[in-house]
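Peer 1: Dumping the structure here so I can ask a few things about it.
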Amino acid sequence: MAVLNKIRQQSVFLIVIIALALFSFVFMDVIDSGGFTSNKEQNTIATVNGNDISRTEFVTKVENALRNMGSNATSLQAANAVWNSELRSTLLKEQFEKLGLQISDEQLQNALAENLAGNPSFTNEAGVFDNFKLQEYLADVKANAPEMYSQFVQFENSVSQNAKEQTYYTLITAGLNPISYEGKQEYKLENNKVDIEFIQIPYSNISDDDIEVTESDINDYIKRNAQRYQADAAVDIQYTLFEEAPTSTDEAQIEEEITALLEPKFEYNAMILFQGLQK
């Protein structure tokens with residue numbers, strides 16, 4: 001009971017401790033997740049040359065691409081296709097802005113007609129694209145099916161982007177004009193003709209006695225055609241050398257053995273010489 005009374009008396013202090021612990025837990029979670037990030041940063045899937053790619057728009061485009069690609073396509077294939085498209089369009093958009101490249105309403109209309117020409121919902125009785133039917137469809141889906149209208153807007157943006165890309169590539173191709181030197185060379189390759197007559201004499205018809213080949217001729221021929229006689233190494237040999245050299249201990253031992261062999265012989269010869277002198 002005494003312990004419970006003490007806890008009740010310190011209830012305010014315990015509340016403060018628990019609050020600080022919860023705050024520390026939340027603060028550490030914020031640090032681990034990368035800090036206090038904005039909604040914009042959380043909704044950005046990638047940044048290409050300073051241009052943000054929205055996560056929400058990217059997911060929507062992946063879902064649309066997955067539906068258009070059919071049941072055999074995977075989510076990874078759709079994501080890769082959308083990513084490549086987004087990357088290309090973002091990089092080309094910078095070039096379009098530098099050039100001031102724009103697509104007119106007439107060009108966009110022609111591009112839509114080309115892409116929707118095979119859809120019977122937008123063709124007349126003669127099988128030709130009818131812009132009036134397209135406008136009726138857009139007015140209907142805009143009022144009654146906002147999701148389908150949003151999909152068509154994305155389709156229209158994609159067609160506009162493709163039209164700009166085709167115009168951009170056409171400008172590049174038109175700028176790659178050949179120079180006069182290249183034209184002359186191409187003309188020579190296509191039009192210059194040369195008539196050649198030759199006689200082939202088999203070397204087997206020539207007698208070896210009629211030709212004298214010296215050693216210097218052979219050396220000169222080998223030098224001129226050295227690349228024909230180069231050969232890669234056919235054998236790779238590796239070995240380990242154990243050197244059999246005496247150590248200082250071995251030399252000292254041998255010296256002692258030789259000295260031991262010489263000393264008795266020297267004493268014996270000295271004794272014989274001494275006996276000879278006495279006689």
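Residues in the structure tokens are named by chain (A, B, ... in the order shown) and by number from 1 within that chain; ligands are numbered from 1 in the order shown.
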Check the DSSP output for the backbone and give back, as a ChimeraX atom specification, the residues of segment 113-269 of chain A in alpha helix (DSSP H).
Peer 2: /A:113-116,131-144,146-175,180-191,215-224,248-269
Peer 1: Could you give me, as a PDB file with C-alpha atoms, in the first residue's frame, the residues within 12 Å of Val153 of chain A, counting only C-alpha atoms and dropping anything in the same chain fewer than 6 positions from it?
Peer 2:
ATOM      1  CA  LYS A  61      -0.255   5.680 -66.246  1.00  0.00           C
ATOM      2  CA  LEU A 112      -5.703  12.170 -83.619  1.00  0.00           C
ATOM      3  CA  LEU A 138     -15.762  13.942 -75.575  1.00  0.00           C
ATOM      4  CA  VAL A 141     -17.725  11.322 -71.329  1.00  0.00           C
ATOM      5  CA  LYS A 142     -16.793  14.698 -69.847  1.00  0.00           C
ATOM      6  CA  PRO A 146     -14.954  11.741 -65.826  1.00  0.00           C
ATOM      7  CA  GLU A 147     -12.566   8.795 -65.549  1.00  0.00           C
ATOM      8  CA  VAL A 159      -0.467  11.855 -79.286  1.00  0.00           C
ATOM      9  CA  SER A 160       0.671  15.475 -78.987  1.00  0.00           C
TER      10      SER A 160
END
Peer 1: So, with only C-alpha atoms as the atoms that count, which of A:Gln230, A:Asn177, A:Thr170, A:Asn110 lies closest to Glu156 of chain A?
Peer 2: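 When distances to Glu156 of chain A are compared using only C-alpha atoms, the smallest one comes from A:Asn110.
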Peer 1: What is the atom CA of Asn162 of chain A-atom CA of Asn64 of chain A distance in Å, reported with one decimal?
Peer 2: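 These two atoms are separated by 17.5 Å.
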Peer 1: Output as a ChimeraX atom specification all residues of segment 49-227 of chain A that backbone DSSP marks as strand (DSSP E or B).
Peer 2: /A:51-54,123,129
Peer 1: Next, dump the selected residues to file, keeping only all heavy atoms, as a short mmCIF file (atom, residue, chain, number, x, y, z; two decimals), in the first residue's frame.
Peer 2:
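So the final result, stored in selection.cif, reads:
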data_model
loop_
_atom_site.label_atom_id
_atom_site.label_comp_id
_atom_site.auth_asym_id
_atom_site.auth_seq_id
_atom_site.Cartn_x
_atom_site.Cartn_y
_atom_site.Cartn_z
N ASN A 51 13.15 18.03 -62.95
CA ASN A 51 11.71 17.87 -63.17
C ASN A 51 11.21 16.66 -62.37
O ASN A 51 11.72 15.55 -62.55
CB ASN A 51 11.40 17.68 -64.66
CG ASN A 51 11.82 18.88 -65.48
OD1 ASN A 51 11.54 20.02 -65.12
ND2 ASN A 51 12.49 18.63 -66.59
N ASP A 52 10.21 16.88 -61.52
CA ASP A 52 9.68 15.82 -60.68
C ASP A 52 8.66 14.99 -61.45
O ASP A 52 7.86 15.52 -62.23
CB ASP A 52 9.01 16.40 -59.43
CG ASP A 52 10.01 17.12 -58.53
OD1 ASP A 52 11.20 16.77 -58.58
OD2 ASP A 52 9.59 18.05 -57.81
N ILE A 53 8.71 13.67 -61.22
CA ILE A 53 7.72 12.75 -61.78
C ILE A 53 6.81 12.32 -60.64
O ILE A 53 7.27 11.70 -59.68
CB ILE A 53 8.39 11.54 -62.44
CG1 ILE A 53 9.28 11.99 -63.62
CG2 ILE A 53 7.36 10.54 -62.94
CD1 ILE A 53 10.02 10.87 -64.29
N SER A 54 5.54 12.66 -60.73
CA SER A 54 4.59 12.40 -59.65
C SER A 54 4.33 10.90 -59.52
O SER A 54 4.13 10.20 -60.52
CB SER A 54 3.28 13.14 -59.92
OG SER A 54 2.30 12.74 -59.00
N THR A 123 -15.65 6.96 -86.91
CA THR A 123 -15.64 7.00 -88.38
C THR A 123 -17.07 7.09 -88.89
O THR A 123 -18.03 6.64 -88.24
CB THR A 123 -14.97 5.74 -88.96
OG1 THR A 123 -15.63 4.57 -88.44
CG2 THR A 123 -13.51 5.69 -88.59
N PHE A 129 -12.46 9.00 -90.75
CA PHE A 129 -12.52 9.62 -89.42
C PHE A 129 -13.42 10.85 -89.46
O PHE A 129 -13.31 11.71 -90.34
CB PHE A 129 -11.12 10.00 -88.96
CG PHE A 129 -11.09 10.78 -87.68
CD1 PHE A 129 -11.27 10.16 -86.46
CD2 PHE A 129 -10.90 12.16 -87.71
CE1 PHE A 129 -11.26 10.88 -85.29
CE2 PHE A 129 -10.87 12.88 -86.53
CZ PHE A 129 -11.05 12.24 -85.32
#
Peer 1: Which one of A:Gln238, A:Thr214, A:Asn43, A:Asn68 sits closest to Gln151 of chain A if you count only C-alpha atoms?
Peer 2: A:Asn68
Peer 1: Using only C-alpha atoms, which of the listed residues (A:Gly175, A:Lys164, A:Asn80, A:Gly118) sits closest to Glu97 of chain A?
Peer 2: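 Checking each of A:Gly175, A:Lys164, A:Asn80, A:Gly118 against Glu97 of chain A, counting only C-alpha atoms, the winner is A:Lys164.
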Peer 1: Enter the distance from atom CA of Ile172 of chain A to atom CA of Glu114 of chain A, in Å, rounded to one decimal.
Peer 2: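 Separation between atom CA of Ile172 of chain A and atom CA of Glu114 of chain A: 23.1 Å.
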Peer 1: So what do you get for atom CA of Phe155 of chain A versus atom CA of Asn72 of chain A, distance-wise?
Peer 2: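 Taking atom CA of Phe155 of chain A and atom CA of Asn72 of chain A, their separation equals 21.7 Å.
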Peer 1: Given only C-alpha atoms as the basis, pick out the residue of A:Asn131, A:Tyr181, A:Asp236, A:Phe198 nearest to Ala111 of chain A.
Peer 2: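 Selected residue with least distance to Ala111 of chain A: A:Asn131.
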Peer 1: So which one's closest to Gly50 of chain A, A:Ala78, A:Leu91, A:Val62, A:Leu171? Using only C-alpha atoms, please.
Peer 2: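 Among A:Ala78, A:Leu91, A:Val62, A:Leu171, it is A:Leu91 that comes nearest to Gly50 of chain A.
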